[in-house]
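A.B. asks: What follows is a single structure, and I will ask about it in a moment.
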Amino acid sequence: FSGEKFYHSTSLIYVYSSEGATHIRLRAIKGAAKKVFLISDQKYEMEKKAQDDLFEYFEAVLPGKDELEYYFEIHTADGITDYGDFKVDFNEQRGRFKPPVWVFDRVFYQIMPDRFANGNPENDPNDCIELGIGHYGGDLEGIIKKLNHIEELGVNALYLTPIFESMTYHCYDIIDYFHVAEKFGGDKVFKRLINELKKRDIKLILDGVFHHTSFFHPYFQDILEKGKESKYRNFYRTLKFPVVSKDFLKTLHSSEPWLKKYRKLKESKWNYESFFLVWLMPRLNHENPEVRMFIRTVMRYWLERGADGWRLDVAHGVPPDVWREVKKDIPEDAYLIGEVMDDARLWLFDKFHGTMNYPLYEALLRFFIYDEITAEKFLNWLELLSVYYGPAEYTMYNFLDNHDVERFLGLVRDKRKYLCALTFLMTYKGIPAIYYGDEVGLENMNVPSMEASRTPMEWNANRWDKEILKATKDLINLRKTSKALQKGIFKPVKFKDKLLVYKRTLDNESILVAINYSEKKCHLSLPSSFELLFQNGYFNEANMRLGSFSSIVAKGL
Ligand code: ARE
Ligand code: CA
């Protein structure tokens, strides 16, 4: 039985057909296969695509098919083995993973509302818990007022960090899931925002915090008050009653300033599970069917009021079957992405359409910032994620930075380098996202690293980096107008040292990307007829020399 050394199944990870191409993958114990052929209507040699510590992954890419019958011919040190006898009906298979059609031509723009634009100073909070740095007064009216900036940039989908009633500026501790925070303008302004976005065909996804609620959520307060008798006692993972001590409550109700109280309480003990060691965020009990129902109800509620999808906070801290139930229960065209730090294999297809692509981000850090890996290693990393995620790699949420990590520009400290990384993000598989302010070169703030990127948006255009802004607009426009960049296959041409050259191809459209991530100019061996679509840095078309930390995108090669 060859299944010990070789593995293939007809799951989406190992075989799928997208519009232009059918992908077939085979996994082999490292070194076990010398050559692998796919035998179908004809014989195709499979290429070694990637490897991890245990396995090698082989792949054949065929033209798009409706069905396929095949087996593998594997050449080993001991001779030739035939493996498997497979048959796939791709029409049936496609029914198993249907990401919303609208996501493919989108470029996301992530906004943390408190830090973006203050459209109405009258709703600014004055008494709030100041964890770290506190409120800045931004709100949804501010976003509405800045929609021109958003449209000019060219992004066509927004991801807002939480907007519901809460004590903190970041709103990850929610008190009322059915109302938009008054400090952000409340439900009325939300409705206006939705109307404005619909007019402009800008999609909106919201941040769903269902791993925990706020300590001050009425359900948790009911437990504080009634203890075991509370009808919500099974909503949380309460370990012991009383859930907090008398001293805890005394501190909580004292007249000290919030920040002081918050810090003091951090040192005390409490008898419930929470997000890390944050007393303010008691963890929900996801074993309880009522909690699951609550989550689905909230999610449907805001989809019915105009949202187009959800980003789910701490999704990896919630049992996967909760998300499977959610997926079945909400409209198919709602885009669902989970916040998962780990690789996403467990979380795709029947749960999310994609996750926040942290494993890709890790690779980007190591290649573009820390200079820890060469182009060869970087490519293997990319191809490994590709075999892990199957068709879902096209709907992953890809980013260079977000509200939890430092701004990429601040880390890389070189505009040319930043624009190389941005060229990659905008031309790679997956949905690209820009974090507010990156388009104008906004820097990190001088606060602990998790909050460093939450710099208030700069609205004085004199302080904008016009070069970054122009390049960002050009790349966004390129991405939105190219089907090959959105859905095409990725074909590495040359990954060597610090040079990345690859093609994205769909039907008759072929796009070539070259990124020279080194100090030295380098020579590209490209055919002479192509149309240059984008250029960052130096490129000499006459002798095909690409300057240091420069990149190009070209068409028709
Ligand atoms: C605040 C301060 C922190 C401080 C903390 C505790 O910013 O410096 O340590 O308080 O006092 C929200 C706010 C945060 C706030 C936090 C707690 O945005 O500012 O922290 O609430 O009050 C892990 C999780 C991942 C989580 C990140 C932050 O796995 O799910 O940590 N991300 C989401 C949101 C956050 C949000 C929350 C969760 C809570 O995106 O914004 O925080 O709702 C490694 C580990 C990861 C770890 C990651 C941290 O990669 O492997 O597991 O992620 O570091 O970046
Ligand atoms: Ca305000």
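Ordering of the structure tokens sets the chain letters (A, B, ...); residue numbers start at 1 within each chain; ligands are numbered from 1 in the order shown.
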Return as a tab-separated table the residues of chain A lying at most 6 Å from ligand 1, together with the closest atom-to-atom pair for each and the distance in Å to one decimal, counting only C-alpha atoms and all ligand atoms, with rows in chain order and ascending residue number.
C.D. replies:
residue	atom	partner	partner_atom_place_in_ligand_line	distance
A:His170	CA	ligand 1	18 (O)	5.5
A:Tyr172	CA	ligand 1	43 (O)	4.5
A:Val278	CA	ligand 1	6 (C)	5.7
A:Asp313	CA	ligand 1	33 (C)	5.4
A:Val314	CA	ligand 1	30 (O)	3.7
A:Asp404	CA	ligand 1	41 (O)	5.4
A:Met450	CA	ligand 1	8 (O)	5.4
A:Glu451	CA	ligand 1	7 (O)	5.3
A.B. asks: Output the selection as a PDB file, in the first residue's frame - all heavy atoms for each residue.
C.D. replies:
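And here is the file that came out, selection-v5.pdb:
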ATOM      1  N   HIS A 170     -10.933  51.286  21.681  1.00  0.00           N
ATOM      2  CA  HIS A 170     -10.837  50.255  20.634  1.00  0.00           C
ATOM      3  C   HIS A 170     -12.104  49.414  20.532  1.00  0.00           C
ATOM      4  O   HIS A 170     -12.328  48.758  19.518  1.00  0.00           O
ATOM      5  CB  HIS A 170      -9.598  49.383  20.829  1.00  0.00           C
ATOM      6  CG  HIS A 170      -9.477  48.780  22.201  1.00  0.00           C
ATOM      7  ND1 HIS A 170     -10.327  47.798  22.666  1.00  0.00           N
ATOM      8  CD2 HIS A 170      -8.595  49.046  23.205  1.00  0.00           C
ATOM      9  CE1 HIS A 170      -9.960  47.485  23.907  1.00  0.00           C
ATOM     10  NE2 HIS A 170      -8.922  48.222  24.252  1.00  0.00           N
ATOM     11  N   TYR A 172     -13.128  46.636  21.880  1.00  0.00           N
ATOM     12  CA  TYR A 172     -13.116  45.163  21.887  1.00  0.00           C
ATOM     13  C   TYR A 172     -13.784  44.583  23.133  1.00  0.00           C
ATOM     14  O   TYR A 172     -13.789  43.378  23.344  1.00  0.00           O
ATOM     15  CB  TYR A 172     -11.689  44.635  21.725  1.00  0.00           C
ATOM     16  CG  TYR A 172     -11.247  44.655  20.272  1.00  0.00           C
ATOM     17  CD1 TYR A 172     -10.457  45.682  19.775  1.00  0.00           C
ATOM     18  CD2 TYR A 172     -11.666  43.659  19.393  1.00  0.00           C
ATOM     19  CE1 TYR A 172     -10.082  45.710  18.436  1.00  0.00           C
ATOM     20  CE2 TYR A 172     -11.299  43.682  18.055  1.00  0.00           C
ATOM     21  CZ  TYR A 172     -10.512  44.705  17.585  1.00  0.00           C
ATOM     22  OH  TYR A 172     -10.159  44.722  16.255  1.00  0.00           O
ATOM     23  N   VAL A 278      -7.103  39.747  31.068  1.00  0.00           N
ATOM     24  CA  VAL A 278      -7.807  41.015  31.051  1.00  0.00           C
ATOM     25  C   VAL A 278      -9.168  40.851  31.722  1.00  0.00           C
ATOM     26  O   VAL A 278     -10.091  40.271  31.151  1.00  0.00           O
ATOM     27  CB  VAL A 278      -7.971  41.520  29.597  1.00  0.00           C
ATOM     28  CG1 VAL A 278      -8.642  42.873  29.566  1.00  0.00           C
ATOM     29  CG2 VAL A 278      -6.610  41.577  28.888  1.00  0.00           C
ATOM     30  N   ASP A 313     -13.149  38.284  15.668  1.00  0.00           N
ATOM     31  CA  ASP A 313     -12.063  38.499  16.609  1.00  0.00           C
ATOM     32  C   ASP A 313     -11.739  37.226  17.393  1.00  0.00           C
ATOM     33  O   ASP A 313     -12.644  36.493  17.798  1.00  0.00           O
ATOM     34  CB  ASP A 313     -12.491  39.617  17.575  1.00  0.00           C
ATOM     35  CG  ASP A 313     -11.376  40.080  18.480  1.00  0.00           C
ATOM     36  OD1 ASP A 313     -10.304  40.431  17.956  1.00  0.00           O
ATOM     37  OD2 ASP A 313     -11.571  40.093  19.716  1.00  0.00           O
ATOM     38  N   VAL A 314     -10.468  36.989  17.634  1.00  0.00           N
ATOM     39  CA  VAL A 314     -10.004  35.797  18.382  1.00  0.00           C
ATOM     40  C   VAL A 314     -10.752  34.543  17.919  1.00  0.00           C
ATOM     41  O   VAL A 314     -11.152  33.711  18.743  1.00  0.00           O
ATOM     42  CB  VAL A 314     -10.151  35.957  19.911  1.00  0.00           C
ATOM     43  CG1 VAL A 314      -9.135  35.072  20.638  1.00  0.00           C
ATOM     44  CG2 VAL A 314      -9.961  37.378  20.369  1.00  0.00           C
ATOM     45  N   ASP A 404      -2.929  45.771  15.320  1.00  0.00           N
ATOM     46  CA  ASP A 404      -2.234  45.016  16.371  1.00  0.00           C
ATOM     47  C   ASP A 404      -0.725  44.938  16.174  1.00  0.00           C
ATOM     48  O   ASP A 404      -0.018  44.484  17.072  1.00  0.00           O
ATOM     49  CB  ASP A 404      -2.751  43.569  16.415  1.00  0.00           C
ATOM     50  CG  ASP A 404      -4.112  43.458  17.082  1.00  0.00           C
ATOM     51  OD1 ASP A 404      -4.505  44.389  17.801  1.00  0.00           O
ATOM     52  OD2 ASP A 404      -4.772  42.420  16.883  1.00  0.00           O
ATOM     53  N   MET A 450       1.954  46.880  20.585  1.00  0.00           N
ATOM     54  CA  MET A 450       0.637  46.442  20.113  1.00  0.00           C
ATOM     55  C   MET A 450      -0.268  47.604  19.752  1.00  0.00           C
ATOM     56  O   MET A 450      -1.184  47.462  18.953  1.00  0.00           O
ATOM     57  CB  MET A 450      -0.044  45.575  21.162  1.00  0.00           C
ATOM     58  CG  MET A 450      -0.769  44.414  20.538  1.00  0.00           C
ATOM     59  SD  MET A 450      -1.835  43.614  21.704  1.00  0.00           S
ATOM     60  CE  MET A 450      -3.342  44.480  21.357  1.00  0.00           C
ATOM     61  N   GLU A 451      -0.031  48.756  20.344  1.00  0.00           N
ATOM     62  CA  GLU A 451      -0.888  49.907  20.044  1.00  0.00           C
ATOM     63  C   GLU A 451      -0.183  50.956  19.188  1.00  0.00           C
ATOM     64  O   GLU A 451      -0.763  51.986  18.862  1.00  0.00           O
ATOM     65  CB  GLU A 451      -1.403  50.524  21.349  1.00  0.00           C
ATOM     66  CG  GLU A 451      -2.506  49.685  21.974  1.00  0.00           C
ATOM     67  CD  GLU A 451      -2.863  50.146  23.370  1.00  0.00           C
ATOM     68  OE1 GLU A 451      -2.185  49.740  24.330  1.00  0.00           O
ATOM     69  OE2 GLU A 451      -3.815  50.928  23.501  1.00  0.00           O
TER      70      GLU A 451
END
A.B. asks: Neighbouring residues of A:Thr81 were defined as those with any atom within 12 Å, considering only C-alpha atoms; residues of the same chain fewer than 6 positions away were excluded. Please report them as a list in words.
C.D. replies: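 Once the adjacent positions are removed, what remains is Phe1, Ser2, Gly3, Lys5, Phe6, Ala32, Ala33, Lys34, Lys35, Val36, Phe37, Tyr71, Phe72, Glu73, Ile74 and His75 of chain A.
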A.B. asks: Just to confirm, what's the straight-line distance from atom CA of A:Ala77 to atom CA of A:Lys30 in Å (one decimal)?
C.D. replies: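 Interatomic distance, atom CA of A:Ala77 to atom CA of A:Lys30: 12.7 Å.
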A.B. asks: Atom CA of A:Tyr361 to atom CA of A:Met426: how many Å, to one decimal?
C.D. replies: 13.5 Å
A.B. asks: Would you list, as number ranges by chain, the residues of stretch 335-451 of chain A that end up in strand (DSSP E) under DSSP run on this structure's backbone?
C.D. replies: A: 335-338, 354-355, 397-399, 431-435
A.B. asks: Skip A:Leu485 itself and residues of its chain fewer than 3 positions away, then list as a list of chain:residue names all residues within 9 Å of it, counting only C-alpha atoms.
C.D. replies: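 Those residues are A:Met426, A:Thr427, A:Tyr428, A:Lys429, A:Leu478, A:Arg479, A:Lys480, A:Thr481, A:Ser482, A:Gly488, A:Ile489, A:Phe490, A:Arg504, A:Thr505, A:Leu506, A:Ser510, A:Ile511.
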